[in-house]
>>> print(open('entry33.cif').read())   # mmCIF, C-alpha atoms and all ligand atoms
data_input
loop_
_atom_site.label_atom_id
_atom_site.label_comp_id
_atom_site.auth_asym_id
_atom_site.auth_seq_id
_atom_site.Cartn_x
_atom_site.Cartn_y
_atom_site.Cartn_z
CA MET A 21 -22.73 -68.67 39.75
CA GLU A 22 -18.94 -68.42 39.12
CA GLU A 23 -19.05 -64.81 40.24
CA ILE A 24 -21.01 -65.75 43.39
CA LYS A 25 -18.54 -68.54 44.14
CA GLU A 26 -15.67 -66.08 43.92
CA LYS A 27 -17.48 -63.71 46.28
CA VAL A 28 -18.29 -66.34 48.91
CA ASN A 29 -14.78 -67.78 48.80
CA TYR A 30 -13.42 -64.33 49.62
CA CYS A 31 -15.17 -64.53 53.05
CA LEU A 32 -12.91 -65.68 55.89
CA ASN A 33 -15.80 -67.06 58.02
CA CYS A 34 -14.45 -65.12 60.98
CA PRO A 35 -15.50 -66.72 64.29
CA VAL A 36 -16.06 -63.31 65.94
CA LYS A 37 -18.45 -62.22 63.16
CA PRO A 38 -18.03 -58.42 63.28
CA CYS A 39 -20.19 -58.18 60.14
CA SER A 40 -23.10 -59.77 62.05
CA ASN A 41 -22.54 -58.65 65.61
CA LYS A 42 -21.36 -55.10 65.00
CA GLY A 43 -22.49 -54.23 61.51
CA CYS A 44 -25.85 -55.80 60.73
CA PRO A 45 -28.83 -54.18 62.52
CA LEU A 46 -30.65 -57.52 62.24
CA ASN A 47 -27.61 -59.54 63.37
CA ASN A 48 -28.02 -61.85 60.39
CA ASN A 49 -25.65 -64.81 60.71
CA ILE A 50 -23.50 -63.67 57.81
CA PRO A 51 -20.52 -66.09 57.98
CA GLU A 52 -22.88 -69.07 58.33
CA PHE A 53 -25.15 -68.17 55.42
CA ILE A 54 -22.09 -67.49 53.27
CA LYS A 55 -20.65 -70.85 54.34
CA ALA A 56 -23.89 -72.56 53.25
CA ILE A 57 -23.56 -70.97 49.79
CA LYS A 58 -19.96 -72.24 49.66
CA GLU A 59 -21.39 -75.71 50.30
CA ASP A 60 -23.87 -75.20 47.44
CA ASN A 61 -26.75 -75.37 49.93
CA ILE A 62 -28.77 -72.25 49.13
CA LYS A 63 -31.82 -73.59 50.95
CA LYS A 64 -29.78 -73.79 54.13
CA ALA A 65 -28.43 -70.27 53.49
CA TYR A 66 -32.04 -69.07 53.19
CA GLU A 67 -33.07 -70.85 56.39
CA ILE A 68 -30.15 -69.27 58.28
CA LEU A 69 -31.16 -65.81 57.06
CA SER A 70 -34.84 -66.50 57.80
CA GLU A 71 -34.03 -66.87 61.49
CA THR A 72 -33.46 -63.12 61.68
CA THR A 73 -35.04 -61.52 58.60
CA VAL A 74 -37.81 -61.86 56.03
CA LEU A 75 -36.50 -59.05 53.79
CA GLU A 76 -33.39 -60.65 52.27
CA SER A 77 -34.00 -59.51 48.68
CA VAL A 78 -34.89 -56.01 49.88
CA CYS A 79 -32.09 -55.41 52.41
CA GLY A 80 -29.58 -57.07 50.12
CA ARG A 81 -30.31 -54.32 47.60
CA ILE A 82 -31.00 -51.15 49.53
CA CYS A 83 -29.27 -51.27 52.93
CA PRO A 84 -26.40 -48.80 53.36
CA HIS A 85 -24.02 -51.77 53.49
CA MET A 86 -20.86 -49.73 53.90
CA LYS A 87 -22.36 -48.18 57.03
CA GLN A 88 -23.52 -51.58 58.27
CA CYS A 89 -22.30 -55.15 57.57
CA GLU A 90 -19.70 -54.40 54.88
CA GLY A 91 -18.38 -51.47 56.88
CA SER A 92 -17.50 -53.92 59.69
CA CYS A 93 -16.08 -56.67 57.46
CA VAL A 94 -12.53 -57.75 58.33
CA ARG A 95 -11.70 -57.98 54.62
CA GLY A 96 -12.42 -54.26 54.37
CA ILE A 97 -9.51 -53.34 56.66
CA LYS A 98 -6.93 -53.82 53.93
CA GLY A 99 -9.02 -54.05 50.81
CA LYS A 100 -12.57 -54.46 49.60
CA PRO A 101 -15.10 -55.98 52.00
CA VAL A 102 -17.06 -59.12 51.14
CA SER A 103 -20.09 -58.25 48.95
CA ILE A 104 -22.52 -59.22 51.73
CA GLY A 105 -25.49 -57.28 50.35
CA GLU A 106 -25.21 -58.85 46.93
CA LEU A 107 -24.94 -62.34 48.47
CA GLU A 108 -27.98 -61.74 50.68
CA ALA A 109 -30.02 -60.58 47.67
CA TYR A 110 -28.80 -63.62 45.74
CA VAL A 111 -30.14 -65.96 48.43
CA GLY A 112 -33.43 -64.03 48.75
CA ASP A 113 -33.99 -64.01 44.97
CA TYR A 114 -33.12 -67.71 44.74
CA ALA A 115 -35.68 -68.47 47.47
CA ILE A 116 -38.36 -66.49 45.62
CA LYS A 117 -37.57 -68.24 42.33
CA ASN A 118 -37.64 -71.67 43.95
CA ASN A 119 -40.72 -71.00 46.10
CA TYR A 120 -38.99 -71.64 49.41
CA GLU A 121 -41.46 -70.94 52.19
CA ILE A 122 -40.77 -69.15 55.46
CA SER A 123 -40.89 -71.93 58.01
CA LYS A 124 -43.25 -71.84 61.00
CA VAL A 125 -42.07 -72.88 64.43
CA ASN A 126 -45.35 -73.11 66.36
CA THR A 127 -49.01 -73.38 65.45
CA GLU A 128 -50.56 -73.41 68.91
CA ASN A 129 -51.08 -69.71 69.52
CA LYS A 130 -54.02 -69.23 67.16
CA ASP A 131 -56.37 -68.09 69.94
CA LYS A 132 -54.24 -64.97 70.50
CA LYS A 133 -55.14 -62.17 68.10
CA ILE A 134 -52.74 -59.40 67.22
CA ALA A 135 -53.42 -56.24 65.20
CA ILE A 136 -50.59 -54.63 63.27
CA VAL A 137 -51.07 -51.08 62.01
CA GLY A 138 -48.98 -50.30 58.92
CA GLY A 139 -47.62 -52.58 56.21
CA GLY A 140 -44.10 -51.17 55.84
CA PRO A 141 -40.86 -52.96 56.81
CA ALA A 142 -41.55 -52.89 60.58
CA GLY A 143 -45.19 -54.02 60.30
CA LEU A 144 -44.45 -56.72 57.74
CA THR A 145 -41.52 -58.09 59.73
CA ALA A 146 -43.49 -58.13 62.98
CA SER A 147 -46.36 -59.88 61.18
CA ALA A 148 -44.05 -62.55 59.77
CA PHE A 149 -42.32 -63.32 63.08
CA LEU A 150 -45.67 -63.50 64.93
CA LEU A 151 -47.18 -65.73 62.24
CA LYS A 152 -44.10 -67.97 62.47
CA LYS A 153 -44.96 -68.42 66.13
CA GLY A 154 -48.53 -69.38 65.23
CA PHE A 155 -50.42 -66.24 66.33
CA SER A 156 -53.45 -64.88 64.44
CA VAL A 157 -52.32 -61.64 62.85
CA THR A 158 -54.42 -58.98 61.13
CA LEU A 159 -52.64 -56.12 59.42
CA PHE A 160 -54.42 -52.79 58.89
CA GLU A 161 -53.04 -50.86 55.93
CA LYS A 162 -54.15 -47.40 54.81
CA TYR A 163 -53.43 -48.03 51.13
CA ASN A 164 -54.73 -50.80 48.90
CA TYR A 165 -51.24 -52.32 48.75
CA LEU A 166 -48.59 -53.39 51.26
CA GLY A 167 -44.95 -52.37 51.47
CA GLY A 168 -45.16 -48.75 52.64
CA LEU A 169 -42.01 -46.89 51.76
CA LEU A 170 -40.59 -49.99 50.06
CA VAL A 171 -43.18 -49.29 47.38
CA HIS A 172 -43.70 -45.53 47.41
CA GLY A 173 -40.54 -44.25 49.10
CA ILE A 174 -37.77 -46.05 47.21
CA PRO A 175 -37.66 -45.60 43.45
CA GLU A 176 -37.88 -48.55 41.06
CA PHE A 177 -34.26 -48.05 39.92
CA ARG A 178 -33.08 -48.90 43.44
CA LEU A 179 -35.66 -51.51 44.41
CA PRO A 180 -37.81 -53.21 41.75
CA LYS A 181 -41.50 -53.47 42.76
CA ASP A 182 -41.59 -57.04 41.51
CA ILE A 183 -39.05 -58.03 44.19
CA VAL A 184 -41.02 -56.19 46.89
CA ASN A 185 -44.29 -57.86 45.84
CA LYS A 186 -42.78 -61.34 45.82
CA THR A 187 -41.18 -60.73 49.22
CA ILE A 188 -44.56 -59.63 50.61
CA GLN A 189 -46.29 -62.64 49.05
CA LYS A 190 -44.11 -64.95 51.16
CA ILE A 191 -45.35 -63.17 54.30
CA LEU A 192 -48.97 -63.33 53.10
CA ASP A 193 -48.50 -67.06 52.52
CA LEU A 194 -47.86 -67.50 56.24
CA GLY A 195 -51.57 -66.75 56.72
CA LEU A 196 -51.58 -62.97 57.19
CA GLU A 197 -55.02 -61.36 57.11
CA VAL A 198 -54.90 -57.87 55.64
CA LYS A 199 -57.51 -55.15 55.88
CA TYR A 200 -56.68 -52.64 53.14
CA ASN A 201 -57.82 -49.01 53.01
CA CYS A 202 -57.94 -48.85 56.81
CA GLU A 203 -56.33 -45.81 58.35
CA LEU A 204 -55.85 -45.25 62.04
CA GLY A 205 -57.52 -42.03 63.15
CA ASN A 206 -59.73 -42.14 60.07
CA ASN A 207 -61.76 -45.35 59.65
CA ILE A 208 -60.26 -47.39 62.50
CA SER A 209 -59.67 -46.30 66.07
CA LEU A 210 -57.16 -47.47 68.64
CA LYS A 211 -60.07 -48.07 71.03
CA ASP A 212 -61.69 -50.56 68.62
CA LEU A 213 -58.38 -52.34 68.17
CA THR A 214 -57.72 -52.59 71.92
CA ASN A 215 -61.26 -53.95 72.43
CA ASN A 216 -60.91 -56.61 69.76
CA TYR A 217 -57.28 -57.74 69.90
CA ASP A 218 -54.98 -59.15 72.57
CA ALA A 219 -52.07 -56.94 71.50
CA ILE A 220 -51.48 -54.16 68.99
CA PHE A 221 -48.30 -53.18 67.18
CA LEU A 222 -48.20 -49.66 65.76
CA ALA A 223 -45.86 -49.30 62.79
CA TYR A 224 -47.49 -46.73 60.54
CA GLY A 225 -44.34 -44.70 59.96
CA ALA A 226 -43.65 -40.98 60.12
CA ASN A 227 -44.05 -39.49 56.70
CA ILE A 228 -44.54 -35.79 57.16
CA THR A 229 -41.50 -33.85 55.99
CA THR A 230 -39.84 -31.78 58.69
CA LYS A 231 -40.00 -28.04 58.08
CA MET A 232 -36.83 -25.94 58.21
CA GLY A 233 -38.55 -22.82 59.45
CA VAL A 234 -36.93 -20.52 56.88
CA GLU A 235 -38.58 -17.56 55.19
CA GLY A 236 -40.34 -18.47 51.94
CA GLU A 237 -40.99 -22.10 52.84
CA GLU A 238 -44.72 -21.59 52.17
CA LEU A 239 -44.14 -20.43 48.57
CA LYS A 240 -45.53 -22.36 45.62
CA GLY A 241 -42.84 -24.67 44.31
CA VAL A 242 -41.61 -25.89 47.73
CA TYR A 243 -42.27 -29.60 48.25
CA GLY A 244 -41.70 -32.13 51.01
CA GLY A 245 -39.41 -34.94 49.83
CA ASN A 246 -41.38 -37.75 51.48
CA GLN A 247 -44.69 -36.56 50.10
CA LEU A 248 -43.19 -36.14 46.63
CA LEU A 249 -41.95 -39.73 46.62
CA GLU A 250 -45.15 -41.05 48.21
CA TYR A 251 -47.80 -39.27 46.13
CA LYS A 252 -45.69 -38.72 42.97
CA ASN A 253 -47.47 -35.43 42.25
CA HIS A 254 -44.44 -33.98 40.51
CA PRO A 255 -44.60 -30.72 38.57
CA ASP A 256 -43.23 -30.55 35.03
CA TYR A 257 -39.46 -30.26 35.47
CA THR A 258 -38.65 -29.54 31.81
CA ASN A 259 -36.04 -26.73 31.63
CA LYS A 260 -36.32 -26.25 35.39
CA LYS A 261 -33.68 -25.91 38.09
CA VAL A 262 -34.33 -27.84 41.28
CA ALA A 263 -32.67 -27.66 44.70
CA VAL A 264 -32.94 -30.64 47.06
CA ILE A 265 -32.15 -29.84 50.68
CA GLY A 266 -30.71 -32.65 52.82
CA GLY A 267 -28.06 -35.34 52.86
CA GLY A 268 -29.83 -38.65 53.42
CA ASN A 269 -31.12 -41.29 51.07
CA VAL A 270 -34.47 -39.49 50.70
CA ALA A 271 -32.56 -36.49 49.32
CA MET A 272 -30.63 -38.77 46.91
CA ASP A 273 -33.81 -40.57 45.82
CA CYS A 274 -35.63 -37.27 45.24
CA ALA A 275 -32.72 -35.75 43.31
CA ARG A 276 -32.21 -38.81 41.11
CA THR A 277 -35.96 -39.23 40.46
CA ILE A 278 -36.32 -35.54 39.51
CA LYS A 279 -33.30 -35.67 37.21
CA LYS A 280 -34.73 -38.76 35.50
CA LEU A 281 -38.03 -36.89 35.11
CA GLY A 282 -36.22 -34.34 32.95
CA ALA A 283 -35.07 -31.46 35.17
CA GLU A 284 -32.39 -29.33 33.53
CA GLU A 285 -30.35 -29.03 36.71
CA VAL A 286 -30.59 -30.64 40.15
CA LYS A 287 -28.48 -29.42 43.06
CA ILE A 288 -28.27 -31.13 46.43
CA ILE A 289 -27.62 -28.61 49.19
CA TYR A 290 -26.09 -29.96 52.38
CA ARG A 291 -24.79 -27.92 55.28
CA ARG A 292 -22.08 -30.38 56.33
CA ALA A 293 -19.18 -32.02 54.43
CA GLU A 294 -19.52 -34.90 51.97
CA GLU A 295 -18.05 -37.45 54.39
CA GLN A 296 -20.71 -36.54 56.95
CA MET A 297 -23.60 -37.28 54.60
CA PRO A 298 -25.90 -39.96 56.00
CA ALA A 299 -26.66 -41.24 52.47
CA GLU A 300 -24.90 -44.37 51.32
CA THR A 301 -21.63 -43.68 49.45
CA LYS A 302 -22.88 -45.63 46.45
CA GLU A 303 -26.04 -43.50 46.24
CA ILE A 304 -23.95 -40.32 46.33
CA GLN A 305 -21.67 -41.66 43.59
CA ASP A 306 -24.63 -42.78 41.45
CA ALA A 307 -26.19 -39.32 41.85
CA LYS A 308 -22.93 -37.67 40.76
CA ASN A 309 -22.65 -40.02 37.77
CA GLU A 310 -26.17 -39.01 36.75
CA GLY A 311 -25.15 -35.36 36.64
CA ILE A 312 -26.51 -34.16 39.98
CA LYS A 313 -24.51 -31.32 41.49
CA PHE A 314 -23.63 -31.10 45.18
CA LEU A 315 -23.22 -27.94 47.20
CA PHE A 316 -21.56 -29.15 50.38
CA GLN A 317 -21.17 -26.86 53.39
CA ASN A 318 -23.99 -24.62 52.26
CA ASN A 319 -27.01 -23.66 54.31
CA ILE A 320 -30.32 -22.17 53.24
CA VAL A 321 -31.03 -18.64 54.51
CA LYS A 322 -34.33 -18.04 52.72
CA ILE A 323 -36.42 -18.92 49.70
CA ILE A 324 -37.22 -15.89 47.57
CA GLY A 325 -40.09 -15.28 45.15
CA LYS A 326 -43.27 -13.27 44.60
CA ASN A 327 -45.85 -16.02 44.26
CA LYS A 328 -43.59 -18.93 43.57
CA VAL A 329 -39.97 -19.90 44.14
CA GLU A 330 -37.53 -17.79 42.10
CA LYS A 331 -34.25 -17.76 44.03
CA LEU A 332 -32.52 -19.28 46.99
CA GLU A 333 -30.31 -17.36 49.36
CA LEU A 334 -27.51 -19.60 50.59
CA ILE A 335 -24.70 -19.11 53.04
CA LYS A 336 -21.45 -21.04 53.25
CA THR A 337 -20.58 -22.94 56.40
CA GLU A 338 -17.41 -23.99 58.16
CA LEU A 339 -17.11 -27.04 60.38
CA VAL A 340 -16.20 -26.28 63.95
CA GLN A 341 -15.45 -28.68 66.80
CA LYS A 342 -17.58 -27.57 69.74
CA GLU A 343 -17.35 -28.78 73.29
CA GLY A 344 -19.74 -31.60 74.06
CA GLU A 345 -20.32 -32.45 70.37
CA ASN A 346 -18.98 -35.75 69.05
CA ARG A 347 -18.50 -34.38 65.56
CA LYS A 348 -17.79 -31.03 63.97
CA VAL A 349 -20.85 -28.83 63.56
CA PRO A 350 -21.57 -26.47 60.66
CA VAL A 351 -21.42 -22.77 61.49
CA ASN A 352 -22.51 -20.12 58.97
CA ILE A 353 -19.63 -17.98 57.64
CA GLU A 354 -20.58 -14.36 58.06
CA ASN A 355 -21.13 -12.38 54.83
CA SER A 356 -20.72 -15.41 52.60
CA ASN A 357 -24.35 -15.20 51.44
CA TYR A 358 -25.15 -15.55 47.75
CA LEU A 359 -28.17 -16.14 45.51
CA ILE A 360 -28.93 -18.87 43.01
CA ASP A 361 -31.81 -19.08 40.52
CA ILE A 362 -34.11 -21.95 41.27
CA ASP A 363 -37.61 -23.10 40.21
CA TYR A 364 -38.40 -25.78 42.79
CA VAL A 365 -37.15 -26.56 46.27
CA ILE A 366 -37.49 -30.04 47.76
CA MET A 367 -37.16 -30.35 51.53
CA ALA A 368 -35.69 -33.74 52.37
CA LEU A 369 -34.57 -33.14 55.92
CA GLY A 370 -36.25 -35.89 57.89
CA SER A 371 -39.80 -36.72 58.80
CA MET A 372 -42.36 -36.36 61.56
CA PRO A 373 -45.38 -38.40 62.66
CA GLU A 374 -48.79 -37.49 61.27
CA SER A 375 -50.79 -35.15 63.50
CA PHE A 376 -53.42 -37.72 64.62
CA THR A 377 -50.64 -39.39 66.67
CA ILE A 378 -51.15 -36.74 69.35
CA ASP A 379 -54.79 -37.83 69.79
CA LEU A 380 -54.07 -41.53 70.37
CA GLY A 381 -53.81 -41.04 74.12
CA LEU A 382 -50.30 -42.52 74.24
CA THR A 383 -47.26 -40.85 75.75
CA LEU A 384 -45.00 -39.26 73.13
CA ASN A 385 -41.29 -38.61 73.51
CA LYS A 386 -39.83 -35.09 73.32
CA TYR A 387 -39.51 -35.34 69.51
CA GLY A 388 -43.21 -36.22 69.03
CA TYR A 389 -42.70 -39.94 68.36
CA ILE A 390 -44.60 -42.60 70.33
CA TYR A 391 -42.71 -43.38 73.51
CA ILE A 392 -41.68 -47.03 73.91
CA ASP A 393 -39.73 -48.76 76.67
CA GLU A 394 -37.06 -51.46 76.23
CA ASN A 395 -39.89 -53.98 75.58
CA TYR A 396 -41.30 -51.89 72.70
CA GLN A 397 -44.31 -51.24 74.94
CA THR A 398 -46.05 -47.89 74.87
CA SER A 399 -47.66 -46.19 77.86
CA ASN A 400 -50.56 -48.65 77.29
CA LYS A 401 -49.02 -52.09 78.00
CA LYS A 402 -51.25 -53.80 75.44
CA ILE A 403 -49.95 -51.53 72.69
CA PHE A 404 -46.47 -51.87 71.21
CA ALA A 405 -44.79 -49.65 68.61
CA GLY A 406 -41.76 -49.74 66.36
CA GLY A 407 -40.15 -48.31 63.22
CA ASP A 408 -40.22 -44.61 62.40
CA ILE A 409 -43.33 -43.85 64.48
CA ALA A 410 -41.41 -44.87 67.60
CA GLY A 411 -38.37 -42.83 66.48
CA CYS A 412 -36.24 -45.90 65.70
CA LYS A 413 -33.26 -45.35 63.39
CA SER A 414 -34.75 -44.78 59.99
CA THR A 415 -33.34 -47.42 57.70
CA VAL A 416 -35.23 -50.43 56.44
CA ALA A 417 -33.03 -52.86 58.40
CA TRP A 418 -33.48 -50.93 61.66
CA ALA A 419 -37.25 -50.78 61.11
CA ALA A 420 -37.27 -54.53 60.41
CA ARG A 421 -35.23 -55.15 63.55
CA SER A 422 -37.74 -53.24 65.65
CA GLY A 423 -40.57 -55.25 64.07
CA ARG A 424 -38.85 -58.54 64.76
CA ASN A 425 -37.86 -57.65 68.32
CA ALA A 426 -41.31 -56.27 69.08
CA ALA A 427 -42.78 -59.58 67.84
CA THR A 428 -40.64 -61.39 70.43
CA LYS A 429 -41.81 -59.04 73.18
CA ILE A 430 -45.47 -59.34 72.11
CA SER A 431 -45.12 -63.13 72.19
CA GLU A 432 -43.63 -62.96 75.69
CA PHE A 433 -46.44 -60.61 76.78
CA LEU A 434 -49.14 -62.97 75.47
CA VAL A 435 -47.83 -66.45 76.20
CA GLY A 436 -44.73 -65.93 78.34
FE1 LIG B 501 -16.76 -62.87 56.11
FE2 LIG B 501 -16.20 -60.24 56.38
FE3 LIG B 501 -17.96 -61.38 58.04
FE4 LIG B 501 -15.34 -62.03 58.23
S1 LIG B 501 -16.27 -60.03 58.66
S2 LIG B 501 -17.09 -63.44 58.29
S3 LIG B 501 -14.73 -61.88 56.07
S4 LIG B 501 -18.19 -61.16 55.82
#
>>> encode(input="entry33.cif", output="C-alpha cells", more="lines below")
Ligand code: SF4
Amino acid sequence: MEEIKEKVNYCLNCPVKPCSNKGCPLNNNIPEFIKAIKEDNIKKAYEILSETTVLESVCGRICPHMKQCEGSCVRGIKGKPVSIGELEAYVGDYAIKNNYEISKVNTENKDKKIAIVGGGPAGLTASAFLLKKGFSVTLFEKYNYLGGLLVHGIPEFRLPKDIVNKTIQKILDLGLEVKYNCELGNNISLKDLTNNYDAIFLAYGANITTKMGVEGEELKGVYGGNQLLEYKNHPDYTNKKVAVIGGGNVAMDCARTIKKLGAEEVKIIYRRAEEQMPAETKEIQDAKNEGIKFLFQNNIVKIIGKNKVEKLELIKTELVQKEGENRKVPVNIENSNYLIDIDYVIMALGSMPESFTIDLGLTLNKYGYIYIDENYQTSNKKIFAGGDIAGCKSTVAWAARSGRNAATKISEFLVG
C-alpha cells in the first residue's frame, strides 16, 4: 500500500485531465479515481472507473499506456508519468478480491432483448453496459469460454487467465445469458437473430491473418500470428530459427511465446524504424531482454524452400518523407538484398474478417470490415457492430470503447 500511496500522491489531479480526455480511449476519469485512492476510498475509485469501463484489471495490465493515458500525463513532460495503468489494475484487483459488484442503473428495460455476437472485449463491454441499463442480453459465443483474444490472443505472462475469468464473472453476475458453441454463419444465422431480438450487436472480431502476397508464403512452416496464438498448434521449435514479421503487439506476443517454447533464435523483422513500431515500448524492451533479435528497416522479398521454409530473402529499407504522407515511409534500397537461414516464418501483420462476413448481407467498407455509421449502426438499422469486425482501432481499450458507445446507441434506438 505504501508504494501505491507514493504513486497516487505523485498525481497532480490536473483539472484539464489530459490523461483522461486526450489519452484514455475510454475517457476514464483518471484524476478522480486517483483522488479516491488518496482518500483511502477504493470502493469509490472502483465506482468512478465503472462509469466508463468494466475491464479495469485487464486494461490496467495490457493497454499500451505510453501511447494512451500515461503518454498524455503532465508529469511525463519533465519526468516519469503517473503509473496510471498500475493504479487502475490495483483498483480492479481490489474490487475482485472484495467482491464489489458492477452497479445497475435501471431495471425497467427487461422486455427489450438484445443479442451480442462475440464474447471478446467489445462484446463483453457492450453486454455489461446494456445489462446495467436493465436490458435482457444474450451473448452468442463460438467457443465454450468467454474472453476472445483476452484468453487466446494475449499470453498468460502478460495477462493471467485468472484475472480475465474473474473480470468476466462480474459481467455474468449482472445477469448475462450466454449461449456457448454458437457461431454466426455456422449454427446461428443473422436472420434468426433479427427475427428474435430487438437489436443485435456484432463483435466477433477479425482473426484471419493478413497475407503479404510474397513468393513462398504458401510453403510449409509459414504461420499466421493470430491463428498461432488462438489455436496454439505450434510446431516443435527446438534448435529452430524463427522469423516473426510485423511490429505490433501480436508480433511481440508471438515472438516471446515462441522463444519461451524453446526456439533457438527468434528475429522480429520490421520494415520501419524502432520508434515507428506500433507495439508498446515495454513489450519491445521485454522482448529484447528475453533475447529476441530485431531487424529494423528490413522488408521481406520472398520465402525460399523446396517443400518447407529454408531461407528468407530480405531487403534493407530507408525512410523517405513523401508528399501527402504524415510520416516517413519505408522504401527498399536497391541491391541490398541478402539471405538468412530460417525454419519458420510467422506473419503478424494485421488481421481480416472471416470470409462468412461477406454473406451477411451487410454493407462492408473498402477494407472488408462491416460498415458502421457514427451511431455504430450497420446498413441494417437493427444491427450494430463494433470492435475489430467494424475496423475500429485494434487495442482492447478501443474495442471496449466501441462496445460501450454502441450500448448507448442501442439503448437510444430501443427506448430513446
Ligand atoms: Fe494526474 Fe497525470 Fe492525469 Fe495530471 S495528467 S491528473 S498528473 S495522471
>>> closest_residue(input="entry33.cif", among="A:Ser103, A:Asn425, A:Thr383, A:Asn319", to="ligand LIG 501 (chain B)", atoms="all atoms listed in the file")
A:Ser103
>>> axis_aligned_box(input="entry33.cif", around="ligand LIG 501 (chain B)", padding_each_side="4 Å", output="AutoDock Vina command-line options")
--center_x -16.5 --center_y -61.7 --center_z 57.2 --size_x 11.5 --size_y 11.4 --size_z 10.8
>>> residues_near_point(input="entry33.cif", point="(-23.0, -16.7, 55.2)", cutoff="10 Å", atoms="only C-alpha atoms", output="list in words")
Asn318, Asn319, Ile320, Val321, Glu333, Leu334, Ile335, Lys336, Thr337, Glu338, Val351, Asn352, Ile353, Glu354, Asn355, Ser356, Asn357 and Tyr358 of chain A
>>> closest_residue(input="entry33.cif", among="A:Gly344, A:Gly173, A:Gly406, A:Gly325", to="Asp363 (chain A)", atoms="all atoms listed in the file")
A:Gly325
>>> residues_near_point(input="entry33.cif", point="(-25.4, -63.1, 65.7)", cutoff="12 Å", atoms="all atoms listed in the file", output="list in words")
Pro35, Val36, Lys37, Pro38, Cys39, Ser40, Asn41, Lys42, Gly43, Cys44, Pro45, Leu46, Asn47, Asn48, Asn49, Ile50, Pro51, Glu52, Phe53, Ile68, Leu69, Glu71, Thr72 and Cys89 of chain A
>>> closest_residue(input="entry33.cif", among="A:Gly96, A:Gly195, A:Gly423, A:Pro373", to="Glu121 (chain A)", atoms="all atoms listed in the file")
A:Gly195
>>> atom_distance(input="entry33.cif", atom1="CA of Ala307 (chain A)", atom2="CA of Leu179 (chain A)")
15.6 Å
>>> atom_distance(input="entry33.cif", atom1="CA of Ile403 (chain A)", atom2="CA of Ala219 (chain A)")
5.9 Å
>>> residues_around(input="entry33.cif", residues="region 285-300 of chain A", least_positions_apart="5", cutoff="7 Å", atoms="all atoms listed in the file", output="MDAnalysis selection string")
chainID A and resid 84 260:269 275 279 312:319 337 350
>>> atom_distance(input="entry33.cif", atom1="CA of Arg424 (chain A)", atom2="CA of Ser92 (chain A)")
22.4 Å
>>> closest_residue(input="entry33.cif", among="A:Ile323, A:Ile390, A:Ile208, A:Gly225", to="Asp361 (chain A)", atoms="only C-alpha atoms")
A:Ile323
>>> closest_residue(input="entry33.cif", among="A:Ile82, A:Val111, A:Val234, A:Ile220", to="Lys132 (chain A)", atoms="all atoms listed in the file")
A:Ile220
>>> residues_around(input="entry33.cif", residues="Leu239 (chain A)", least_positions_apart="4", cutoff="7 Å", atoms="all atoms listed in the file", output="PDB file with C-alpha atoms, in the frame of the given file")
ATOM      1  CA  ASN A 327     -45.850 -16.020  44.260  1.00  0.00           C
ATOM      2  CA  LYS A 328     -43.590 -18.930  43.570  1.00  0.00           C
ATOM      3  CA  VAL A 329     -39.970 -19.900  44.140  1.00  0.00           C
TER       4      VAL A 329
END
>>> residues_around(input="entry33.cif", residues="Cys31 (chain A)", least_positions_apart="6", cutoff="10 Å", atoms="all atoms listed in the file", output="MDAnalysis selection string")
chainID A and resid 50:51 54:55 58 93:95 101:104
>>> residues_around(input="entry33.cif", residues="Gly282 (chain A)", least_positions_apart="4", cutoff="8 Å", atoms="only C-alpha atoms", output="list in words")
Tyr257, Thr258, Asn259 and Ile278 of chain A
>>> write_last_selection(input="entry33.cif", atoms="C-alpha atoms", output="PDB file, keeping the file's coordinate frame")
ATOM      1  CA  TYR A 257     -39.460 -30.260  35.470  1.00  0.00           C
ATOM      2  CA  THR A 258     -38.650 -29.540  31.810  1.00  0.00           C
ATOM      3  CA  ASN A 259     -36.040 -26.730  31.630  1.00  0.00           C
ATOM      4  CA  ILE A 278     -36.320 -35.540  39.510  1.00  0.00           C
TER       5      ILE A 278
END
>>> residues_around(input="entry33.cif", residues="Ala427 (chain A)", least_positions_apart="5", cutoff="7 Å", atoms="only C-alpha atoms", output="tab-separated table (two decimals) with C-alpha atoms, in the coordinates of the input")
chain	number	residue	atom	x	y	z
A	146	ALA	CA	-43.49	-58.13	62.98
A	149	PHE	CA	-42.32	-63.32	63.08
A	150	LEU	CA	-45.67	-63.50	64.93
>>> closest_residue(input="entry33.cif", among="A:Glu303, A:Glu76, A:Glu106, A:Glu345", to="ligand LIG 501 (chain B)", atoms="all atoms listed in the file")
A:Glu106
>>> decode(input="entry33.cif", residues="region 347-354 of chain A", atoms="N, CA and C atoms", output="PDB file, in the first residue's frame")
ATOM      1  N   ARG A 347       3.988  10.598 -42.189  1.00  0.00           N
ATOM      2  CA  ARG A 347       5.228  10.092 -41.599  1.00  0.00           C
ATOM      3  C   ARG A 347       6.082   9.479 -42.691  1.00  0.00           C
ATOM      4  N   LYS A 348       7.370   9.307 -42.376  1.00  0.00           N
ATOM      5  CA  LYS A 348       8.276   8.763 -43.388  1.00  0.00           C
ATOM      6  C   LYS A 348       7.868   7.345 -43.758  1.00  0.00           C
ATOM      7  N   VAL A 349       8.016   7.012 -45.029  1.00  0.00           N
ATOM      8  CA  VAL A 349       7.622   5.669 -45.472  1.00  0.00           C
ATOM      9  C   VAL A 349       8.867   4.866 -45.855  1.00  0.00           C
ATOM     10  N   PRO A 350       8.825   3.543 -45.620  1.00  0.00           N
ATOM     11  CA  PRO A 350       9.991   2.723 -45.963  1.00  0.00           C
ATOM     12  C   PRO A 350      10.075   2.454 -47.468  1.00  0.00           C
ATOM     13  N   VAL A 351      11.256   2.640 -48.004  1.00  0.00           N
ATOM     14  CA  VAL A 351      11.475   2.377 -49.437  1.00  0.00           C
ATOM     15  C   VAL A 351      12.647   1.389 -49.529  1.00  0.00           C
ATOM     16  N   ASN A 352      12.462   0.334 -50.310  1.00  0.00           N
ATOM     17  CA  ASN A 352      13.531  -0.671 -50.432  1.00  0.00           C
ATOM     18  C   ASN A 352      14.797  -0.061 -51.031  1.00  0.00           C
ATOM     19  N   ILE A 353      15.958  -0.404 -50.473  1.00  0.00           N
ATOM     20  CA  ILE A 353      17.234   0.086 -51.012  1.00  0.00           C
ATOM     21  C   ILE A 353      17.705  -0.922 -52.072  1.00  0.00           C
ATOM     22  N   GLU A 354      17.830  -0.432 -53.265  1.00  0.00           N
ATOM     23  CA  GLU A 354      18.194  -1.307 -54.382  1.00  0.00           C
ATOM     24  C   GLU A 354      19.474  -2.088 -54.103  1.00  0.00           C
TER      25      GLU A 354
END
